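Quick look at coords.cif (mmCIF, C-alpha atoms and all ligand atoms):
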```
data_upload
#
loop_
_atom_site.label_atom_id
_atom_site.label_comp_id
_atom_site.auth_asym_id
_atom_site.auth_seq_id
_atom_site.Cartn_x
_atom_site.Cartn_y
_atom_site.Cartn_z
CA MET A 1 0.00 0.00 0.00
CA GLY A 2 1.31 3.49 -0.92
CA LYS A 3 1.49 6.58 1.24
CA THR A 4 -1.74 7.67 2.95
CA LYS A 5 -3.43 10.55 1.19
CA LYS A 6 -6.17 12.96 2.13
CA ILE A 7 -8.43 13.79 -0.80
CA ALA A 8 -11.60 15.78 -1.45
CA ILE A 9 -14.59 15.27 -3.76
CA ASN A 10 -17.16 17.83 -4.92
CA THR A 11 -20.14 17.96 -7.29
CA GLY A 12 -20.91 21.16 -9.23
CA GLY A 13 -23.51 22.47 -11.69
CA GLY A 14 -26.89 20.85 -12.39
CA ASP A 15 -27.33 17.38 -10.91
CA ALA A 16 -27.37 14.25 -13.10
CA PRO A 17 -28.37 10.67 -12.26
CA GLY A 18 -25.17 8.81 -11.32
CA LEU A 19 -23.44 11.46 -9.18
CA ASN A 20 -23.83 9.36 -6.04
CA ALA A 21 -22.44 6.30 -7.81
CA VAL A 22 -19.25 8.26 -8.64
CA ILE A 23 -18.99 9.47 -5.03
CA ARG A 24 -19.36 5.92 -3.71
CA SER A 25 -16.92 4.42 -6.18
CA ALA A 26 -14.24 7.08 -5.69
CA THR A 27 -14.67 6.95 -1.90
CA LEU A 28 -14.39 3.17 -1.66
CA ALA A 29 -11.46 3.05 -4.12
CA ALA A 30 -9.66 5.61 -1.95
CA LEU A 31 -10.59 4.05 1.43
CA ASN A 32 -9.44 0.66 0.12
CA ARG A 33 -6.02 2.25 -0.51
CA GLY A 34 -5.96 3.44 3.10
CA TRP A 35 -6.64 7.09 2.14
CA GLU A 36 -8.88 9.63 3.88
CA VAL A 37 -11.79 11.12 1.88
CA HIS A 38 -13.88 14.25 2.46
CA GLY A 39 -16.79 15.74 0.54
CA ILE A 40 -16.91 19.49 -0.05
CA ARG A 41 -20.58 20.40 0.12
CA ARG A 42 -22.26 22.53 -2.60
CA ALA A 43 -19.37 22.62 -5.07
CA TYR A 44 -16.73 24.95 -3.52
CA MET A 45 -19.01 26.54 -0.90
CA GLY A 46 -17.77 24.10 1.77
CA LEU A 47 -14.30 25.62 1.31
CA LEU A 48 -15.62 29.18 1.48
CA GLY A 49 -17.34 28.72 4.81
CA GLU A 50 -20.87 28.83 3.38
CA ASP A 51 -21.29 25.10 3.90
CA GLU A 52 -19.50 22.13 5.42
CA ILE A 53 -16.78 19.67 4.63
CA VAL A 54 -18.04 16.18 5.46
CA PRO A 55 -16.01 13.01 6.05
CA LEU A 56 -16.81 10.34 3.46
CA THR A 57 -16.71 7.03 5.28
CA ARG A 58 -17.98 3.60 4.25
CA ASP A 59 -21.19 4.35 6.15
CA ALA A 60 -21.62 7.71 4.41
CA VAL A 61 -21.57 6.12 0.94
CA ARG A 62 -23.46 2.92 1.78
CA GLY A 63 -26.52 2.19 -0.40
CA ILE A 64 -26.28 5.28 -2.62
CA THR A 65 -25.34 3.82 -6.03
CA HIS A 66 -28.96 3.82 -7.21
CA MET A 67 -29.92 7.20 -5.75
CA GLY A 68 -30.55 10.33 -7.86
CA GLY A 69 -29.28 13.78 -6.85
CA THR A 70 -26.03 14.11 -4.89
CA ILE A 71 -25.39 13.53 -1.19
CA LEU A 72 -22.93 16.46 -1.35
CA GLY A 73 -25.42 18.96 -2.75
CA THR A 74 -24.63 21.10 -5.76
CA THR A 75 -25.10 24.59 -7.14
CA ASN A 76 -24.77 26.25 -10.51
CA ARG A 77 -24.02 29.56 -8.80
CA GLY A 78 -20.83 28.33 -7.19
CA ASN A 79 -18.08 29.76 -9.39
CA PRO A 80 -15.34 30.91 -6.95
CA PHE A 81 -13.85 33.14 -9.69
CA THR A 82 -17.06 35.20 -9.84
CA ARG A 83 -18.65 34.80 -6.42
CA PRO A 84 -21.51 37.26 -5.87
CA ILE A 85 -20.69 39.30 -2.76
CA GLN A 86 -22.90 42.01 -1.32
CA GLN A 87 -21.03 45.34 -1.05
CA PRO A 88 -21.48 47.87 1.81
CA ASP A 89 -23.71 50.00 -0.46
CA GLY A 90 -26.06 47.04 -1.00
CA THR A 91 -24.99 46.29 -4.58
CA VAL A 92 -23.78 42.80 -5.49
CA GLU A 93 -20.40 42.37 -7.16
CA ALA A 94 -18.72 39.31 -8.65
CA VAL A 95 -15.51 38.78 -6.65
CA ASP A 96 -12.64 36.40 -7.47
CA CYS A 97 -12.36 34.10 -4.41
CA SER A 98 -10.24 31.44 -6.10
CA ASP A 99 -7.20 32.19 -3.88
CA ASP A 100 -9.40 31.64 -0.80
CA VAL A 101 -10.52 28.28 -2.18
CA ILE A 102 -6.94 27.19 -2.80
CA ALA A 103 -5.80 28.43 0.62
CA ALA A 104 -8.68 26.61 2.40
CA PHE A 105 -7.98 23.45 0.38
CA ARG A 106 -4.34 23.50 1.55
CA GLU A 107 -5.25 24.36 5.15
CA HIS A 108 -7.41 21.24 5.26
CA GLY A 109 -4.38 19.25 4.09
CA PHE A 110 -6.05 17.95 0.93
CA GLU A 111 -3.69 16.51 -1.68
CA ALA A 112 -6.16 16.06 -4.54
CA LEU A 113 -9.64 17.11 -5.65
CA ILE A 114 -12.02 14.92 -7.64
CA ALA A 115 -14.25 17.52 -9.34
CA ILE A 116 -17.42 15.98 -10.76
CA GLY A 117 -19.17 18.38 -13.10
CA GLY A 118 -20.34 19.54 -16.50
CA ASP A 119 -18.61 22.04 -18.77
CA GLY A 120 -18.94 25.00 -16.36
CA SER A 121 -17.60 23.05 -13.37
CA LEU A 122 -14.82 21.45 -15.43
CA ARG A 123 -13.78 24.90 -16.64
CA ILE A 124 -13.60 26.08 -13.01
CA ALA A 125 -11.59 22.93 -12.14
CA HIS A 126 -9.24 23.63 -15.05
CA ASP A 127 -8.72 27.25 -13.95
CA LEU A 128 -8.02 26.12 -10.37
CA TYR A 129 -5.58 23.51 -11.70
CA LYS A 130 -3.74 26.26 -13.59
CA LYS A 131 -3.42 28.07 -10.24
CA GLY A 132 -1.88 24.99 -8.61
CA LEU A 133 -4.80 22.87 -7.37
CA PRO A 134 -4.25 19.13 -8.05
CA VAL A 135 -7.52 18.23 -9.81
CA VAL A 136 -8.97 15.22 -11.62
CA GLY A 137 -12.23 15.94 -13.48
CA VAL A 138 -15.17 13.56 -13.94
CA PRO A 139 -17.61 14.46 -16.76
CA LYS A 140 -21.24 14.69 -15.71
CA THR A 141 -24.28 16.02 -17.53
CA ILE A 142 -27.56 14.80 -18.96
CA ASP A 143 -26.70 16.95 -22.03
CA ASN A 144 -23.82 14.64 -23.17
CA ASP A 145 -22.03 17.70 -24.53
CA ILE A 146 -18.53 17.23 -23.05
CA GLU A 147 -15.73 16.94 -25.57
CA GLY A 148 -13.46 13.88 -25.41
CA THR A 149 -15.79 11.35 -23.79
CA ALA A 150 -18.10 9.05 -25.73
CA LEU A 151 -20.77 9.51 -23.05
CA THR A 152 -21.35 11.46 -19.86
CA PHE A 153 -23.21 9.66 -17.07
CA GLY A 154 -26.81 10.79 -16.62
CA PHE A 155 -27.39 11.21 -20.34
CA LEU A 156 -28.82 7.75 -21.05
CA THR A 157 -31.13 7.97 -18.01
CA ALA A 158 -32.50 11.26 -19.35
CA VAL A 159 -32.92 9.64 -22.78
CA ASP A 160 -34.84 6.74 -21.20
CA ILE A 161 -37.18 9.11 -19.34
CA ALA A 162 -37.82 11.15 -22.51
CA THR A 163 -38.32 8.00 -24.60
CA GLU A 164 -40.91 6.70 -22.18
CA ALA A 165 -42.73 10.05 -22.20
CA ILE A 166 -42.78 10.10 -26.01
CA GLY A 167 -44.14 6.54 -26.01
CA ARG A 168 -46.94 7.51 -23.64
CA LEU A 169 -47.83 10.58 -25.70
CA HIS A 170 -48.34 8.44 -28.81
CA SER A 171 -51.57 6.87 -27.55
CA THR A 172 -53.19 10.10 -26.41
CA ALA A 173 -52.06 11.90 -29.60
CA GLN A 174 -53.55 9.12 -31.71
CA ALA A 175 -56.81 9.04 -29.72
CA HIS A 176 -57.38 12.79 -30.23
CA GLU A 177 -55.71 13.11 -33.67
CA ARG A 178 -53.47 15.80 -32.22
CA VAL A 179 -49.99 17.14 -32.75
CA MET A 180 -47.90 16.76 -29.59
CA VAL A 181 -44.80 18.92 -29.27
CA VAL A 182 -42.44 17.52 -26.62
CA GLU A 183 -39.57 19.72 -25.40
CA VAL A 184 -36.50 18.01 -23.98
CA MET A 185 -33.37 19.47 -22.37
CA GLY A 186 -29.84 19.51 -23.81
CA ARG A 187 -28.86 23.20 -23.85
CA ASP A 188 -27.26 24.04 -27.22
CA THR A 189 -27.03 20.42 -28.33
CA GLY A 190 -29.58 17.93 -29.60
CA TRP A 191 -28.26 14.69 -28.08
CA ILE A 192 -31.29 13.98 -25.84
CA ALA A 193 -33.77 14.99 -28.59
CA LEU A 194 -32.07 12.84 -31.22
CA PHE A 195 -31.63 9.72 -29.08
CA SER A 196 -35.10 9.83 -27.51
CA GLY A 197 -36.76 10.94 -30.76
CA VAL A 198 -35.37 8.01 -32.72
CA ALA A 199 -35.90 5.47 -29.90
CA GLY A 200 -39.41 6.81 -29.24
CA THR A 201 -40.31 6.90 -32.99
CA ALA A 202 -41.05 10.60 -33.23
CA ASP A 203 -42.15 11.97 -36.60
CA VAL A 204 -40.23 15.24 -36.38
CA ILE A 205 -36.99 15.84 -34.42
CA LEU A 206 -35.71 19.41 -34.09
CA ILE A 207 -32.16 19.97 -32.84
CA PRO A 208 -29.89 23.04 -32.63
CA GLU A 209 -27.37 21.44 -34.99
CA ILE A 210 -29.99 21.46 -37.82
CA PRO A 211 -31.92 24.77 -37.90
CA TYR A 212 -35.51 24.05 -38.97
CA GLU A 213 -38.04 25.66 -41.27
CA ILE A 214 -41.52 25.82 -39.79
CA GLU A 215 -43.05 25.24 -43.26
CA LYS A 216 -41.20 21.92 -43.52
CA VAL A 217 -42.43 20.89 -40.05
CA SER A 218 -46.03 21.77 -41.00
CA GLU A 219 -45.71 19.94 -44.33
CA LYS A 220 -44.79 16.78 -42.45
CA VAL A 221 -47.92 17.09 -40.28
CA VAL A 222 -50.16 17.63 -43.33
CA GLU A 223 -48.46 14.82 -45.26
CA ARG A 224 -49.14 12.40 -42.37
CA ASP A 225 -52.78 13.52 -42.19
CA ARG A 226 -53.22 12.87 -45.91
CA ALA A 227 -51.75 9.40 -45.46
CA GLY A 228 -54.33 8.69 -42.73
CA ARG A 229 -51.86 9.16 -39.85
CA ARG A 230 -53.84 11.90 -38.18
CA PHE A 231 -51.46 12.53 -35.29
CA THR A 232 -47.85 13.70 -35.18
CA ILE A 233 -45.18 13.62 -32.48
CA VAL A 234 -42.63 16.44 -32.62
CA VAL A 235 -39.60 16.19 -30.30
CA VAL A 236 -37.78 19.49 -29.94
CA ALA A 237 -34.53 20.22 -28.11
CA GLU A 238 -34.83 23.26 -25.84
CA GLY A 239 -32.03 24.96 -27.80
CA ALA A 240 -33.44 24.34 -31.30
CA PHE A 241 -34.14 27.39 -33.47
CA PRO A 242 -35.48 28.19 -36.95
CA ALA A 243 -33.08 28.90 -39.84
CA GLY A 244 -32.17 32.57 -39.56
CA GLY A 245 -33.85 32.80 -36.13
CA ALA A 246 -32.88 32.49 -32.47
CA PRO A 247 -33.58 30.05 -29.61
CA VAL A 248 -36.44 30.72 -27.16
CA PHE A 249 -35.34 31.84 -23.69
CA LYS A 250 -37.47 31.50 -20.58
CA ASP A 251 -35.38 34.31 -19.18
CA PRO A 252 -33.52 36.35 -21.84
CA LYS A 253 -31.39 38.03 -19.13
CA THR A 254 -29.89 34.77 -17.84
CA LYS A 255 -30.22 33.09 -21.26
CA GLN A 256 -32.08 30.23 -19.59
CA LEU A 257 -33.57 28.14 -22.38
CA GLY A 258 -37.17 26.93 -22.35
CA GLY A 259 -40.56 27.45 -23.96
CA ILE A 260 -39.94 26.53 -27.58
CA CYS A 261 -42.62 23.80 -27.42
CA GLU A 262 -45.33 26.42 -26.82
CA VAL A 263 -44.11 28.60 -29.69
CA LEU A 264 -43.94 25.64 -32.08
CA ALA A 265 -47.31 24.23 -31.05
CA GLN A 266 -48.96 27.55 -31.83
CA GLU A 267 -47.16 27.97 -35.17
CA ILE A 268 -48.08 24.43 -36.25
CA ALA A 269 -51.73 24.94 -35.22
CA GLU A 270 -51.93 28.18 -37.22
CA ARG A 271 -50.43 26.59 -40.33
CA THR A 272 -52.21 23.23 -40.28
CA GLY A 273 -55.46 23.87 -38.39
CA LYS A 274 -54.63 20.87 -36.19
CA ASP A 275 -55.32 20.64 -32.50
CA THR A 276 -51.86 20.85 -30.86
CA ARG A 277 -50.50 20.44 -27.34
CA ALA A 278 -47.10 21.38 -25.88
CA ILE A 279 -45.29 19.46 -23.11
CA ALA A 280 -41.90 20.38 -21.63
CA LEU A 281 -40.31 17.51 -19.70
CA ARG A 282 -37.85 19.81 -17.94
CA HIS A 283 -36.32 18.54 -14.67
CA LEU A 284 -38.16 15.21 -14.77
CA GLN A 285 -35.25 14.24 -17.07
CA ARG A 286 -32.74 14.79 -14.26
CA GLY A 287 -34.60 13.27 -11.35
CA GLY A 288 -34.65 9.78 -9.92
CA MET A 289 -32.53 6.66 -10.25
CA PRO A 290 -29.79 6.28 -12.84
CA ILE A 291 -30.29 3.37 -15.26
CA SER A 292 -27.78 0.54 -15.01
CA TYR A 293 -25.48 1.76 -17.81
CA ASP A 294 -25.18 5.20 -16.20
CA ARG A 295 -24.37 3.52 -12.87
CA LEU A 296 -21.66 1.51 -14.60
CA ILE A 297 -20.13 4.57 -16.29
CA ALA A 298 -20.26 6.46 -12.98
CA LEU A 299 -18.67 3.62 -10.98
CA ARG A 300 -15.93 3.22 -13.61
CA PHE A 301 -15.25 6.98 -13.63
CA GLY A 302 -14.98 7.08 -9.82
CA ALA A 303 -12.45 4.24 -9.69
CA ALA A 304 -10.48 5.67 -12.65
CA ALA A 305 -10.29 9.11 -11.01
CA ILE A 306 -8.69 7.58 -7.91
CA GLN A 307 -6.23 5.66 -10.08
CA SER A 308 -5.30 8.98 -11.67
CA VAL A 309 -4.62 10.49 -8.21
CA GLU A 310 -2.50 7.47 -7.31
CA ASP A 311 -0.52 7.94 -10.55
CA GLY A 312 -0.02 11.63 -9.73
CA ASP A 313 -1.79 12.58 -12.98
CA PHE A 314 -3.63 15.90 -12.48
CA GLY A 315 -5.23 18.48 -14.75
CA CYS A 316 -6.97 15.66 -16.57
CA MET A 317 -10.49 14.27 -16.97
CA VAL A 318 -11.53 10.63 -17.04
CA ALA A 319 -13.32 9.84 -20.29
CA LEU A 320 -15.22 6.92 -21.78
CA ASP A 321 -13.56 5.46 -24.87
CA PRO A 322 -15.21 2.00 -25.02
CA PRO A 323 -14.11 -0.51 -23.92
CA TYR A 324 -11.73 1.69 -21.89
CA VAL A 325 -11.89 4.61 -19.50
CA ARG A 326 -8.95 6.85 -20.40
CA ARG A 327 -7.70 10.26 -19.28
CA ILE A 328 -7.64 13.36 -21.44
CA PRO A 329 -6.17 16.78 -20.56
CA LEU A 330 -8.78 19.11 -19.05
CA ASP A 331 -7.87 21.82 -21.55
CA ILE A 332 -9.06 19.56 -24.38
CA ALA A 333 -12.24 18.65 -22.49
CA VAL A 334 -13.17 22.33 -22.07
CA SER A 335 -11.91 23.47 -25.49
CA ARG A 336 -15.30 23.12 -27.19
CA GLN A 337 -18.77 21.67 -26.83
CA LYS A 338 -19.44 18.19 -28.23
CA ARG A 339 -22.32 18.59 -30.67
CA VAL A 340 -24.39 16.08 -32.65
CA PRO A 341 -22.58 15.25 -35.91
CA VAL A 342 -25.17 16.04 -38.60
CA ASP A 343 -23.46 13.58 -40.94
CA GLY A 344 -23.51 10.85 -38.25
CA ASP A 345 -25.31 7.55 -38.61
CA LEU A 346 -28.07 8.32 -36.11
CA VAL A 347 -29.23 11.34 -38.12
CA ALA A 348 -28.98 9.19 -41.27
CA THR A 349 -30.96 6.40 -39.56
CA ALA A 350 -33.70 8.84 -38.57
CA ARG A 351 -33.92 10.14 -42.12
CA ALA A 352 -34.00 6.56 -43.46
CA LEU A 353 -36.96 5.90 -41.14
CA GLY A 354 -38.81 8.86 -42.66
CA MET A 355 -38.34 11.17 -39.68
CA SER A 356 -38.10 14.88 -40.48
CA PHE A 357 -35.56 17.35 -39.08
CA GLY A 358 -37.59 20.23 -40.50
CA ASP A 359 -34.84 21.02 -43.04
O1 LIG B 1 -27.04 21.17 -18.15
C1 LIG B 1 -28.10 20.41 -17.65
C2 LIG B 1 -29.41 21.13 -17.79
O2 LIG B 1 -30.44 20.29 -17.31
C3 LIG B 1 -29.73 21.63 -19.20
O3 LIG B 1 -30.20 20.60 -20.04
C4 LIG B 1 -30.76 22.71 -18.91
O4 LIG B 1 -30.77 23.69 -19.92
C5 LIG B 1 -30.25 23.29 -17.61
O5 LIG B 1 -29.43 22.32 -17.00
C6 LIG B 1 -31.35 23.67 -16.64
O6 LIG B 1 -30.76 24.31 -15.56
P1 LIG B 1 -31.50 24.61 -14.18
O7 LIG B 1 -31.47 23.35 -13.38
O8 LIG B 1 -30.69 25.69 -13.60
O9 LIG B 1 -32.91 25.00 -14.52
#
```
Once you've parsed the file, please lay out its structure as structure tokens.
Amino acid sequence: MGKTKKIAINTGGGDAPGLNAVIRSATLAALNRGWEVHGIRRAYMGLLGEDEIVPLTRDAVRGITHMGGTILGTTNRGNPFTRPIQQPDGTVEAVDCSDDVIAAFREHGFEALIAIGGDGSLRIAHDLYKKGLPVVGVPKTIDNDIEGTALTFGFLTAVDIATEAIGRLHSTAQAHERVMVVEVMGRDTGWIALFSGVAGTADVILIPEIPYEIEKVSEKVVERDRAGRRFTIVVVAEGAFPAGGAPVFKDPKTKQLGGICEVLAQEIAERTGKDTRAIALRHLQRGGMPISYDRLIALRFGAAAIQSVEDGDFGCMVALDPPYVRRIPLDIAVSRQKRVPVDGDLVATARALGMSFGD
């Protein structure tokens, strides 16, 4: 057995099914090496005194592999480089507290941080690494948009939830001869929409990588009606937008996406005269138990991250490259967003099945 180490784990950004499985796997892999493990609660807040640092023991991680959410809590307002601090005059300013994070990390005697997060959290981890923090990243997000890994954990669970919803909407759409517009998450990428749309046999799939024309979408609805298929299922990614147009924001100030299903449902109704309904699946896609494959990816990532610490390999991210889990430099992982390849076989398969992308 090597030298005893004291390491920390945190979870940042939006939650994704499988976070607890990574925490359990990394914790047990470290404890089995004789190391000490602590969880920093709510991303970096535990290091900034706004929350706690909790010991991760065998008891603390018992029975959590199947649980959604994260036992450590998370926040997507936890960037220590731009921490909102109230000023004496009442205004709120973004203050760089990264030096405080690094100082607190060292004061606690931590020798490594396993940072589990999506692109925002991995970017923070990368910036902290450049300032001297020994970090190993673990890619998490239901959006599957992290460069360098075949899959992020949480994605396939979200796809399963969306696929089931699309399946259920078929029968009610058919019964009422309606058009159902189902909005799924994914930010600026169409991974969830494409996977669930194809698996759930949607008729129209709209993704940000292929800007749509509303006339083409309406034509598909009318064409199906003429062929006696008097209902249509449209799956739309929250970040999809029409050619020459812009995405729909729930809150234009924060650029929070959401609401395109309502806009589309109305436009389709006006153009086709069909009865339409809009459904946004929103956070249902992130809640609950991870499916088995996401648990497996998460458990593999947790063990691989600890191996990376043991090897003294920092500034990297564990990544799925089937049948292996490898490590890639964090700067590559955060260099760009992984988007759906429009010339990929899944888009081609959908087209071969007669599905429309509205283009
Ligand atoms: O990145 C994960 C994600 O669920 C996106 O798909 C979605 O746009 C966003 O987070 C929602 O964020 P919030 O939980 O802050 O509403």
Enclosing box along x, y and z for every listed atom of ligand LIG 1 (chain B), padded 3 Å each side, centre and size in Å, one decimal, as JSON:
```
{"center_x": -30.0, "center_y": 23.0, "center_z": -16.7, "size_x": 11.9, "size_y": 11.4, "size_z": 12.7}
```
| request: Name the residues, by chain letter and number, that sit within 9 Å of ligand LIG 1 (chain B) using only C-alpha atoms and all ligand atoms, and give them as a count of residues only. | output: 29
| task | Give me the residues within 7 Å of stretch 304-321 of chain A as a count of residues only, counting all atoms listed in the file and dropping any in the same chain fewer than 2 places off. | result | 27
| message | Residues within 12 Å of A:Arg168, please, as a PyMOL selection string. Count all atoms listed in the file; anything in the same chain fewer than 2 positions from it doesn't count. | response | chain A and resi 161-166+170-175+180+182+200-202+233
| Using all atoms listed in the file, which of the listed residues (A:Gly49, A:Gly117, A:Gly78, A:Gly63) sits closest to A:Ala104? | A:Gly49
| request: Would you work out the distance separating atom CA of A:Gly73 from atom CA of A:Pro252, expressed in Å to one decimal? | output: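 So the two atoms, atom CA of A:Gly73 and atom CA of A:Pro252, lie 27.1 Å apart.
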| request: Name the residues within 12 Å of (-55.0, 22.8, -29.4), counting all atoms listed in the file in the file's coordinates, and put them as a ChimeraX atom specification. | output: /A:173,176-181,262,264-270,272-278
| message | Between atom CA of A:Gly120 and atom CA of A:Thr57, what distance in Å does the model show, to one decimal? | response | 28.2 Å
| By how many Å are atom CA of A:Ala352 and atom CA of A:Val198 apart? |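 Separation between atom CA of A:Ala352 and atom CA of A:Val198: 10.9 Å.
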| request: Select, counting all atoms listed in the file, all protein, DNA and RNA residues no farther than 10 Å from (-36.6, 6.9, -38.6) in file coordinates, and express the selection as a list in words. | output: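 Those residues lying close to the given coordinates are Gly197, Val198, Ala199, Gly200, Thr201, Ala202, Asp203, Val204, Ile205, Leu346, Val347, Ala348, Thr349, Ala350, Arg351, Ala352, Leu353, Gly354, Met355 and Ser356 of chain A.
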With a distance cut-off of 8 Å and all atoms listed in the file, select the neighbouring residues of A:Gly190, excluding the residue or stretch itself and same-chain residues fewer than 3 positions from it, and output the selection as a compact mmCIF listing (two decimals) with C-alpha atoms, in the frame of the given file.
```txt
# COMPACT_ATOMS: atom_id res chain seq x y z
CA GLY A 186 -29.84 19.51 -23.81
CA ARG A 187 -28.86 23.20 -23.85
CA ALA A 193 -33.77 14.99 -28.59
CA LEU A 194 -32.07 12.84 -31.22
CA LEU A 206 -35.71 19.41 -34.09
CA ILE A 207 -32.16 19.97 -32.84
CA PRO A 208 -29.89 23.04 -32.63
CA GLU A 209 -27.37 21.44 -34.99
CA ALA A 237 -34.53 20.22 -28.11
CA GLY A 239 -32.03 24.96 -27.80
CA ALA A 240 -33.44 24.34 -31.30
CA ARG A 339 -22.32 18.59 -30.67
CA VAL A 340 -24.39 16.08 -32.65
```
| field | Residue among A:His66, A:Arg106, A:Arg229, A:Arg83 lying closest to A:Tyr293, counting all atoms listed in the file | value |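 Of all the options, A:His66 lies closest to A:Tyr293.
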| task | Would you list the contacts of A:Ala21 as a list in words, taking every protein, DNA or RNA residue within 10 Å and counting all atoms listed in the file, but skipping same-chain residues closer than 5 positions in sequence? | result |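 Selected residues are Ala26, Thr27, Val61, Gly63, Ile64, Thr65, His66, Met67, Gly68, Thr70, Phe153, Pro290, Asp294, Arg295, Leu296, Ile297, Ala298, Leu299, Arg300, Phe301 and Gly302 of chain A.
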| task | Excluding A:Gly358 and residues on its chain fewer than 3 positions from it, collect all residues at most 8 Å away from it, counting all atoms listed in the file, and give them as a PyMOL selection string. | result | chain A and resi 204-206+211-217
| request: Find, counting all atoms listed in the file, the residue in A:Leu128, A:Gly167, A:Val95, A:Val263 that gets nearest to A:Asp331. | output: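 Closest candidate: A:Leu128.
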| request: Tell me which of A:Pro88, A:Ala115, A:Glu107, A:Asn79 sits closest to A:Ile40, counting all atoms listed in the file. | output: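 Closest to A:Ile40, using all atoms listed in the file: A:Ala115.
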| Smallest atom-to-atom distance to A:Arg41: which of A:Ile9, A:Leu28, A:Ile291, A:Val236, using all atoms listed in the file? |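 Ranking A:Ile9, A:Leu28, A:Ile291, A:Val236 by distance to A:Arg41, first place goes to A:Ile9.
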Could all heavy atoms be built for stretch 222-227 of chain A and written out as a short mmCIF file (atom, residue, chain, number, x, y, z; two decimals), keeping the file's coordinate frame?
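Okay, selection.cif is ready:
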```
data_model
loop_
_atom_site.label_atom_id
_atom_site.label_comp_id
_atom_site.auth_asym_id
_atom_site.auth_seq_id
_atom_site.Cartn_x
_atom_site.Cartn_y
_atom_site.Cartn_z
N VAL A 222 -49.10 17.71 -42.31
CA VAL A 222 -50.16 17.63 -43.33
C VAL A 222 -50.01 16.34 -44.15
O VAL A 222 -51.00 15.63 -44.42
CB VAL A 222 -50.10 18.89 -44.24
CG1 VAL A 222 -51.05 18.75 -45.43
CG2 VAL A 222 -50.42 20.14 -43.43
N GLU A 223 -48.77 16.03 -44.49
CA GLU A 223 -48.46 14.82 -45.26
C GLU A 223 -48.94 13.57 -44.50
O GLU A 223 -49.55 12.66 -45.07
CB GLU A 223 -46.94 14.78 -45.38
CG GLU A 223 -46.31 13.87 -46.39
CD GLU A 223 -44.79 13.98 -46.21
OE1 GLU A 223 -44.22 15.03 -46.61
OE2 GLU A 223 -44.20 13.07 -45.63
N ARG A 224 -48.71 13.55 -43.19
CA ARG A 224 -49.14 12.40 -42.37
C ARG A 224 -50.67 12.33 -42.33
O ARG A 224 -51.26 11.27 -42.45
CB ARG A 224 -48.58 12.53 -40.94
CG ARG A 224 -47.14 12.11 -40.84
CD ARG A 224 -46.60 12.28 -39.42
NE ARG A 224 -47.37 11.56 -38.42
CZ ARG A 224 -47.28 10.23 -38.19
NH1 ARG A 224 -46.45 9.51 -38.90
NH2 ARG A 224 -48.03 9.66 -37.26
N ASP A 225 -51.30 13.49 -42.21
CA ASP A 225 -52.78 13.52 -42.19
C ASP A 225 -53.34 12.92 -43.48
O ASP A 225 -54.26 12.11 -43.45
CB ASP A 225 -53.25 14.98 -42.06
CG ASP A 225 -53.83 15.25 -40.69
OD1 ASP A 225 -53.28 14.68 -39.72
OD2 ASP A 225 -54.82 16.00 -40.60
N ARG A 226 -52.75 13.35 -44.61
CA ARG A 226 -53.22 12.87 -45.91
C ARG A 226 -53.06 11.36 -46.04
O ARG A 226 -53.84 10.69 -46.69
CB ARG A 226 -52.45 13.56 -47.04
CG ARG A 226 -52.88 14.98 -47.24
CD ARG A 226 -52.62 15.45 -48.67
NE ARG A 226 -52.75 16.89 -48.73
CZ ARG A 226 -51.73 17.74 -48.82
NH1 ARG A 226 -50.49 17.28 -48.93
NH2 ARG A 226 -51.93 19.03 -48.82
N ALA A 227 -52.01 10.84 -45.39
CA ALA A 227 -51.75 9.40 -45.46
C ALA A 227 -52.57 8.64 -44.42
O ALA A 227 -52.39 7.43 -44.22
CB ALA A 227 -50.26 9.15 -45.25
#
```
